[in-house]
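A.B. asks: Pasting in a structure now, in structure tokens, and then I'll have a few things to ask.
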Amino acid sequence: MPVSDIDAVRVSPFLCVGVTGHRRVAEDAATGIEDCVAQVLDALAAATCRAAGTGDAGGHAKLATLSQLAAGADQLVARLGEERGYAVRGLLPFACAEFEVDFPPAELAAFRALLARADWCWTLPGERANADAAYALAGEATVAQCNLLLAVWDGEVARGPGGTADVVDYAVRRGVPVVHVPADGASPPRLLWSGLLALPSALLGARTVPSAPADAATLGWVVSTLLGAPEAEQERRHLRDFQAEAEPRWRWRLEYPLLLALTGARGLRASDLRGPGYAPSPSDADAAWPVYAQADALADHYANLYRGGGVFNFAASAGAVLLALAGLIWPAAKLWLVLGELILIAGLVANTALGTRRQWHRRWLDYRLLAERLRLMRSLKRLGVATPRPDLASVAREVRWIDPIVTALWQHMGPPPPAPDVAAFRAHARQVAADEVRDQVAYHRNNARRMHRVEHRLHRAGSLLFQATLAIGLATLWAVIVHRGWLYERVEVLAVLAAALPTVGAAAFGLRSQGDFAAAAGRSAKTAARLASAADNLERPDITPSEAARSLEDAAATMLDDLGEWQAAYRYRKLAIPA
């Protein structure tokens with residue numbers, strides 16, 4: 001069987017169908033609902049297999065249903081899904097013994113049987129004394145953990161917090177596609193999704209979201225959009241490039257570390273010469289780690305190549321001018337000076353051509369984006385109720401080669417760590433704040449200081465060089481008027497300095513512009529402040545699970561905003577020959 005491009009990075013497409021729906025439906029509608037659900041699940045399975053490049057669910061495609069395994073819609077979808085190759089996943093609002101109180105004896109056996117066959121079951125820290133909040137949190141967690149929500153719904157408003165209508169409305173606002181199976185058993189299913197018109201999902205609701213018939217063709221398009229390899233050949237080629245990347249062992253470009261050392265931003269390190277390679281996984285169960293470690297190491301590698309190439313180009317262009325001018329002072333060495341000038345110019349051209357051909361700039365930006373999205377996703381997974389994708393409508397506009405990898409890995413990562421009670425959940429939140437958010441606060445504060453220092457030193461050096469040029473010009477003017485003999489004795493040196501000093505000064509200012517150090521310092525300072533506020537909130541002793549999830553999502557959005565601004569700043573700064 002053919003294998004899709006996404007399998008080249010060892011990530012199989014994985015569709016997780018979340019379920020919400022009524023526990024009781026009219027008897028005369030049950031058969032129609034079952035037939036409709038079966039057709040939807042068949043269409044979704046076929047589309048997922050096509051996204052994987054296989055013809056059957058037993059191949060590279062992976063499928064699962066996620067629900068509370070309650071009577072009615074939850075158990076119906078889980079049972080029909082099992083018959084079609086879907087794994088069963090459970091998500092309980094209370095501890096299992098407490099949740100079983102919801103079931104009459106006749107339905108309890110079916111719940112326990114499904115639970116016994118489930119791939120995994122995650123228990124939320126709900127409390128019976130606040131049952132409405134527990135059911136609402138379970139609905140939020142279902143939406144966070146699934147790719148698509150299947151709702152057996154009568155279209156009416158919710159009869160309480162966490163009801164079907166509430167979960168559908170929440171999914172719509174989160175940009176998650178919803179397949180609405182009407183509870184009358186006769187009406188056809190419809191797709192509710194902001195991505196149909198690429199609208200901002202946060203401004204929509206269940207009754208205002210764009211909709212379309214949920215036929216096989218439409219569901220196939222949705223699954224292909226969410227899971228499939230991008231259609232654009234360029235994006236597919238970038239995916240193959242990532243798969244073919246070798247582990248970086250040595251770093252042969254030291255120009256950028258030397259610039260940081262010369263400006264006092266930081267000293268040289270052993271890691272500037274030898275790459276760290278791919279970091280070992282902290283857990284064998286962490287499916288995202290290998291891809292994250294690969295993307296992170298490669299992003300550092302190509303950042304060093306691109307930045308080092310930029311420093312070399314400015315240094316080589318200034319050096320070529322200096323060698324040409326030096327011939328005025330040392331005419332006997334003219335041949336060697338011209339040869340050195342030609343070598344520098346040839347090196348500059350070759351360096352630029354190599355960077356362009358190997359796409360140092362594009363690979364750096366792409367691999368950093370992939371690494372950061374995966375790193376954030378791994379933290380979001382630990383709280384279970386947080387989602388890595390606040391608005392999937394943007395996916396419908398442009399599918400990058402990165403998107404299917406991130407989407408599939410979210411499902412491959414498995415369940416969040418156990419949180420049997422609110423105290424344990426708060427402990428997870430504090431740990432995430434310490435491991436991820438506080439660590440990023442420290443990084444951005446250090447980076448702000450480091451970038452400010454580089455910016456300040458380059459600005460100061462460039463300014464001094466131009467001030468020196470002005471002083472030479474004034475001295476020359478004075479000599480022309482007052483002491484021409486002094487000028488004639490030193491005319492060659494003064495001419496060389498008058499041209500060389502602004503050349504080096506221009507190179508310093510060019511490096512400032514290319515490196516965007518001032519803006520980087522400002523972005524890091526702003527990001528550090530926002531992340532510190534999010535960390536303070538995550539560490540609150542009275543924070544609720546829903547508040548913790550929103551705080552972590554805010555921290556993730558802050559980091560992605562910083563990444564987006566950084567990417568926008570560098571997107572059009574490809575390696576080029578200085579003017």
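For the structure tokens, the naming scheme is as follows: chains receive sequential letters (A, B, ...) according to their order of presentation, residues are indexed from 1 within each chain, and ligands are indexed from 1 in presentation order.
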When DSSP works through the backbone of this structure, what residues of range 355-546 of chain A end up as helix (DSSP H, G or I), shown as a PyMOL selection string?
C.D. replies: chain A and resi 355-357+360-381+393-397+402-412+422-482+484-515+517-538+545-546
A.B. asks: Could you write those residues out with C-alpha atoms, as a short mmCIF file (atom, residue, chain, number, x, y, z; two decimals), in the first residue's frame?
C.D. replies:
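As a result, selection-v6.cif now contains:
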```
data_model
loop_
_atom_site.label_atom_id
_atom_site.label_comp_id
_atom_site.auth_asym_id
_atom_site.auth_seq_id
_atom_site.Cartn_x
_atom_site.Cartn_y
_atom_site.Cartn_z
CA GLY A 355 22.26 29.32 2.17
CA THR A 356 19.68 29.98 -0.50
CA ARG A 357 19.97 26.51 -2.05
CA TRP A 360 18.70 27.81 5.87
CA HIS A 361 16.26 30.65 6.46
CA ARG A 362 13.07 28.69 5.68
CA ARG A 363 14.16 25.56 7.56
CA TRP A 364 15.09 27.58 10.63
CA LEU A 365 11.67 29.28 10.76
CA ASP A 366 9.71 26.10 9.98
CA TYR A 367 11.54 23.83 12.40
CA ARG A 368 11.34 26.38 15.20
CA LEU A 369 7.60 26.74 14.64
CA LEU A 370 7.14 22.96 14.76
CA ALA A 371 9.29 22.58 17.88
CA GLU A 372 7.51 25.35 19.77
CA ARG A 373 4.04 24.09 18.89
CA LEU A 374 4.96 20.60 20.08
CA ARG A 375 6.59 21.86 23.27
CA LEU A 376 3.50 23.88 24.15
CA MET A 377 1.26 20.95 23.26
CA ARG A 378 3.10 18.66 25.67
CA SER A 379 2.43 21.10 28.52
CA LEU A 380 -1.22 21.61 27.56
CA LYS A 381 -1.76 17.86 27.53
CA ALA A 393 -10.79 27.79 11.30
CA SER A 394 -7.35 29.05 10.30
CA VAL A 395 -6.46 25.51 9.26
CA ALA A 396 -9.05 25.70 6.51
CA ARG A 397 -7.27 28.70 5.02
CA ILE A 402 3.54 21.12 10.16
CA ASP A 403 -0.21 21.01 10.88
CA PRO A 404 -0.94 17.29 10.31
CA ILE A 405 2.03 16.31 12.47
CA VAL A 406 0.88 18.44 15.39
CA THR A 407 -2.75 17.31 15.07
CA ALA A 408 -1.88 13.61 14.95
CA LEU A 409 0.63 13.76 17.79
CA TRP A 410 -1.97 15.34 20.08
CA GLN A 411 -3.88 12.06 19.88
CA HIS A 412 -0.84 9.78 19.92
CA VAL A 422 -8.78 19.03 42.74
CA ALA A 423 -5.66 19.09 44.92
CA ALA A 424 -3.86 16.77 42.49
CA PHE A 425 -5.01 18.89 39.53
CA ARG A 426 -3.68 22.02 41.21
CA ALA A 427 -0.39 20.23 41.81
CA HIS A 428 -0.21 19.50 38.05
CA ALA A 429 -0.89 23.18 37.34
CA ARG A 430 1.90 24.29 39.68
CA GLN A 431 4.28 21.77 38.12
CA VAL A 432 3.49 23.02 34.62
CA ALA A 433 4.01 26.59 35.82
CA ALA A 434 7.42 25.65 37.24
CA ASP A 435 8.60 23.40 34.40
CA GLU A 436 7.31 25.38 31.45
CA VAL A 437 6.04 28.86 32.20
CA ARG A 438 8.61 29.98 34.78
CA ASP A 439 11.35 28.50 32.63
CA GLN A 440 10.15 30.60 29.71
CA VAL A 441 9.94 33.69 31.91
CA ALA A 442 13.62 33.23 32.81
CA TYR A 443 14.57 32.58 29.18
CA HIS A 444 12.82 35.69 27.88
CA ARG A 445 14.24 37.91 30.61
CA ASN A 446 17.75 36.68 29.83
CA ASN A 447 17.15 37.01 26.11
CA ALA A 448 15.87 40.57 26.52
CA ARG A 449 19.06 41.53 28.37
CA ARG A 450 21.27 39.69 25.86
CA MET A 451 19.62 41.21 22.78
CA HIS A 452 19.62 44.68 24.32
CA ARG A 453 23.34 44.39 24.99
CA VAL A 454 24.11 43.30 21.41
CA GLU A 455 21.94 46.12 20.05
CA HIS A 456 23.57 48.70 22.32
CA ARG A 457 27.13 47.60 21.58
CA LEU A 458 26.62 47.49 17.80
CA HIS A 459 24.91 50.87 17.86
CA ARG A 460 27.68 52.35 19.95
CA ALA A 461 30.42 50.88 17.74
CA GLY A 462 28.76 52.08 14.54
CA SER A 463 28.17 55.55 15.97
CA LEU A 464 31.78 55.85 17.14
CA LEU A 465 33.06 54.85 13.72
CA PHE A 466 30.94 57.49 11.98
CA GLN A 467 31.96 60.07 14.59
CA ALA A 468 35.59 59.17 13.90
CA THR A 469 34.93 59.63 10.19
CA LEU A 470 33.49 63.07 10.91
CA ALA A 471 36.58 63.93 12.98
CA ILE A 472 38.88 62.87 10.11
CA GLY A 473 36.88 64.99 7.71
CA LEU A 474 37.15 68.01 9.97
CA ALA A 475 40.88 67.43 10.43
CA THR A 476 41.31 67.19 6.67
CA LEU A 477 39.37 70.42 6.18
CA TRP A 478 41.51 72.15 8.83
CA ALA A 479 44.69 70.91 7.12
CA VAL A 480 43.54 72.18 3.73
CA ILE A 481 43.05 75.63 5.19
CA VAL A 482 45.88 75.85 7.73
CA ARG A 484 48.64 71.66 3.71
CA GLY A 485 52.05 70.19 4.25
CA TRP A 486 50.76 68.04 7.09
CA LEU A 487 47.90 66.89 4.84
CA TYR A 488 50.14 65.92 1.90
CA GLU A 489 52.22 63.71 4.16
CA ARG A 490 49.17 61.78 5.35
CA VAL A 491 46.71 62.03 2.49
CA GLU A 492 46.68 58.28 1.69
CA VAL A 493 46.08 57.25 5.30
CA LEU A 494 43.36 59.84 5.78
CA ALA A 495 41.65 58.82 2.54
CA VAL A 496 41.71 55.15 3.54
CA LEU A 497 40.36 55.90 7.02
CA ALA A 498 37.68 58.20 5.62
CA ALA A 499 36.38 55.31 3.52
CA ALA A 500 37.17 52.38 5.84
CA LEU A 501 35.61 53.67 9.05
CA PRO A 502 32.12 54.29 7.63
CA THR A 503 32.35 50.97 5.79
CA VAL A 504 32.85 49.11 9.07
CA GLY A 505 30.25 51.34 10.73
CA ALA A 506 27.73 50.51 8.02
CA ALA A 507 28.45 46.81 8.54
CA ALA A 508 27.73 47.21 12.27
CA PHE A 509 24.44 48.97 11.54
CA GLY A 510 23.63 46.33 8.91
CA LEU A 511 24.11 43.59 11.50
CA ARG A 512 21.76 45.49 13.84
CA SER A 513 19.09 45.60 11.17
CA GLN A 514 19.56 41.99 10.08
CA GLY A 515 19.53 40.67 13.64
CA PHE A 517 18.06 42.87 18.21
CA ALA A 518 16.12 45.86 19.55
CA ALA A 519 12.75 44.42 18.55
CA ALA A 520 13.76 40.99 19.88
CA ALA A 521 14.63 42.53 23.25
CA GLY A 522 11.30 44.35 23.37
CA ARG A 523 9.31 41.26 22.43
CA SER A 524 11.07 39.12 25.03
CA ALA A 525 10.53 41.70 27.78
CA LYS A 526 6.81 41.93 26.96
CA THR A 527 6.45 38.15 26.73
CA ALA A 528 8.23 37.63 30.07
CA ALA A 529 5.82 40.00 31.81
CA ARG A 530 2.74 38.29 30.38
CA LEU A 531 4.05 34.82 31.19
CA ALA A 532 4.90 35.81 34.76
CA SER A 533 1.28 36.87 35.24
CA ALA A 534 0.04 33.52 33.85
CA ALA A 535 2.44 31.61 36.11
CA ASP A 536 1.20 33.54 39.16
CA ASN A 537 -2.34 32.54 38.25
CA LEU A 538 -1.45 28.87 37.73
CA PRO A 545 -9.43 23.17 36.89
CA SER A 546 -11.19 25.26 34.25
#
```
A.B. asks: Contacts of Ala87 in chain A at 10 Å or less, counting only C-alpha atoms, minus same-chain residues fewer than 3 places along, as a PDB file with N, CA and C atoms, in the first residue's frame?
C.D. replies:
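Wrote out_28.pdb, looks like this:
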```pdb
ATOM      1  N   CYS A  16      -9.744  11.325  16.512  1.00  0.00           N
ATOM      2  CA  CYS A  16     -10.470  11.053  17.747  1.00  0.00           C
ATOM      3  C   CYS A  16     -11.808  11.787  17.679  1.00  0.00           C
ATOM      4  N   LYS A  62      -5.491   5.589  12.446  1.00  0.00           N
ATOM      5  CA  LYS A  62      -5.886   5.249  13.811  1.00  0.00           C
ATOM      6  C   LYS A  62      -7.145   6.025  14.127  1.00  0.00           C
ATOM      7  N   LEU A  63      -8.076   5.341  14.820  1.00  0.00           N
ATOM      8  CA  LEU A  63      -9.382   5.911  15.104  1.00  0.00           C
ATOM      9  C   LEU A  63      -9.751   5.659  16.558  1.00  0.00           C
ATOM     10  N   ALA A  64     -10.481   6.599  17.150  1.00  0.00           N
ATOM     11  CA  ALA A  64     -10.944   6.416  18.525  1.00  0.00           C
ATOM     12  C   ALA A  64     -12.178   7.267  18.749  1.00  0.00           C
ATOM     13  N   THR A  65     -13.022   6.802  19.666  1.00  0.00           N
ATOM     14  CA  THR A  65     -14.123   7.629  20.165  1.00  0.00           C
ATOM     15  C   THR A  65     -13.804   8.006  21.610  1.00  0.00           C
ATOM     16  N   LEU A  66     -14.228   9.178  22.015  1.00  0.00           N
ATOM     17  CA  LEU A  66     -13.970   9.666  23.366  1.00  0.00           C
ATOM     18  C   LEU A  66     -15.276  10.157  23.965  1.00  0.00           C
ATOM     19  N   ALA A  78     -19.798   4.607  21.050  1.00  0.00           N
ATOM     20  CA  ALA A  78     -18.666   3.743  21.409  1.00  0.00           C
ATOM     21  C   ALA A  78     -18.853   2.347  20.840  1.00  0.00           C
ATOM     22  N   ARG A  79     -20.080   1.806  20.956  1.00  0.00           N
ATOM     23  CA  ARG A  79     -20.335   0.446  20.456  1.00  0.00           C
ATOM     24  C   ARG A  79     -20.218   0.394  18.932  1.00  0.00           C
ATOM     25  N   GLY A  81     -18.626   2.456  17.047  1.00  0.00           N
ATOM     26  CA  GLY A  81     -17.240   2.721  16.686  1.00  0.00           C
ATOM     27  C   GLY A  81     -16.374   1.486  16.810  1.00  0.00           C
ATOM     28  N   GLU A  82     -16.536   0.725  17.900  1.00  0.00           N
ATOM     29  CA  GLU A  82     -15.773  -0.522  18.069  1.00  0.00           C
ATOM     30  C   GLU A  82     -15.978  -1.458  16.898  1.00  0.00           C
ATOM     31  N   GLU A  83     -17.201  -1.551  16.419  1.00  0.00           N
ATOM     32  CA  GLU A  83     -17.502  -2.435  15.295  1.00  0.00           C
ATOM     33  C   GLU A  83     -16.792  -1.997  14.026  1.00  0.00           C
ATOM     34  N   ARG A  84     -16.340  -0.749  13.977  1.00  0.00           N
ATOM     35  CA  ARG A  84     -15.711  -0.189  12.776  1.00  0.00           C
ATOM     36  C   ARG A  84     -14.225   0.105  12.975  1.00  0.00           C
ATOM     37  N   ARG A 117     -12.880  -2.444  28.152  1.00  0.00           N
ATOM     38  CA  ARG A 117     -12.274  -2.556  26.818  1.00  0.00           C
ATOM     39  C   ARG A 117     -11.616  -1.261  26.358  1.00  0.00           C
ATOM     40  N   ALA A 118     -11.715  -0.208  27.150  1.00  0.00           N
ATOM     41  CA  ALA A 118     -11.203   1.094  26.737  1.00  0.00           C
ATOM     42  C   ALA A 118      -9.679   1.088  26.657  1.00  0.00           C
ATOM     43  N   ASP A 119      -9.147   1.796  25.658  1.00  0.00           N
ATOM     44  CA  ASP A 119      -7.703   1.988  25.548  1.00  0.00           C
ATOM     45  C   ASP A 119      -7.175   2.721  26.776  1.00  0.00           C
ATOM     46  N   TRP A 120      -7.885   3.762  27.160  1.00  0.00           N
ATOM     47  CA  TRP A 120      -7.571   4.475  28.393  1.00  0.00           C
ATOM     48  C   TRP A 120      -8.795   5.223  28.868  1.00  0.00           C
TER      49      TRP A 120
END
```
A.B. asks: CA of Ala45 in chain A and CA of Leu91 in chain A, how far apart in Å?
C.D. replies: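 For CA of Leu91 in chain A relative to CA of Ala45 in chain A, the distance reads 21.7 Å.
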A.B. asks: Can you pull out the residues contacting Val168 in chain A? Cut-off 9 Å, using only C-alpha atoms, and skip same-chain residues under 4 positions away; I want them as a list in words.
C.D. replies: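 Non-adjacent residues within range: Thr20, Gly139, Val143, Leu149, Leu150, Ala151, Trp153, Gly163, Thr164, Val172, Arg173, Val178, His180, Gly205 and Ala206 of chain A.
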A.B. asks: Restricting the output to N, CA and C atoms, write the selected residues as a tab-separated table (two decimals), in the first residue's frame.
C.D. replies:
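For reference, result-v6.tsv as written:
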```
chain	number	residue	atom	x	y	z
A	20	THR	N	-20.98	13.75	22.45
A	20	THR	CA	-21.91	14.33	23.42
A	20	THR	C	-23.32	14.03	22.92
A	139	GLY	N	-17.32	18.18	29.62
A	139	GLY	CA	-17.59	18.61	28.25
A	139	GLY	C	-16.43	19.39	27.67
A	143	VAL	N	-14.02	18.24	24.35
A	143	VAL	CA	-13.72	19.11	23.21
A	143	VAL	C	-12.21	19.30	23.07
A	149	LEU	N	-16.28	16.65	17.03
A	149	LEU	CA	-17.31	16.30	18.00
A	149	LEU	C	-18.55	15.78	17.29
A	150	LEU	N	-19.04	14.62	17.71
A	150	LEU	CA	-20.29	14.07	17.19
A	150	LEU	C	-21.35	14.28	18.27
A	151	ALA	N	-22.40	15.03	17.92
A	151	ALA	CA	-23.43	15.40	18.89
A	151	ALA	C	-24.79	14.84	18.47
A	153	TRP	N	-28.21	15.37	19.20
A	153	TRP	CA	-28.79	16.55	19.87
A	153	TRP	C	-30.15	16.87	19.26
A	163	GLY	N	-24.70	20.27	29.62
A	163	GLY	CA	-25.61	19.54	28.75
A	163	GLY	C	-25.14	19.55	27.31
A	164	THR	N	-25.83	18.79	26.47
A	164	THR	CA	-25.41	18.64	25.09
A	164	THR	C	-25.29	19.98	24.37
A	172	VAL	N	-18.12	24.81	19.15
A	172	VAL	CA	-18.19	25.79	18.06
A	172	VAL	C	-17.29	26.98	18.35
A	173	ARG	N	-17.32	27.50	19.58
A	173	ARG	CA	-16.49	28.65	19.94
A	173	ARG	C	-15.00	28.29	19.89
A	178	VAL	N	-18.23	20.14	14.42
A	178	VAL	CA	-19.28	19.39	15.10
A	178	VAL	C	-20.18	18.74	14.05
A	180	HIS	N	-23.65	17.28	13.78
A	180	HIS	CA	-24.91	17.26	14.53
A	180	HIS	C	-25.82	16.17	13.95
A	205	GLY	N	-21.72	30.88	17.72
A	205	GLY	CA	-22.39	29.96	18.63
A	205	GLY	C	-23.03	28.85	17.84
A	206	ALA	N	-23.66	27.92	18.53
A	206	ALA	CA	-24.26	26.76	17.87
A	206	ALA	C	-25.32	27.17	16.85
```
A.B. asks: Could you jot down the CA of Leu325 in chain A to CA of Ala346 in chain A separation for me, Å, one decimal place?
C.D. replies: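 Atom-to-atom, CA of Leu325 in chain A and CA of Ala346 in chain A are spaced 18.1 Å apart.
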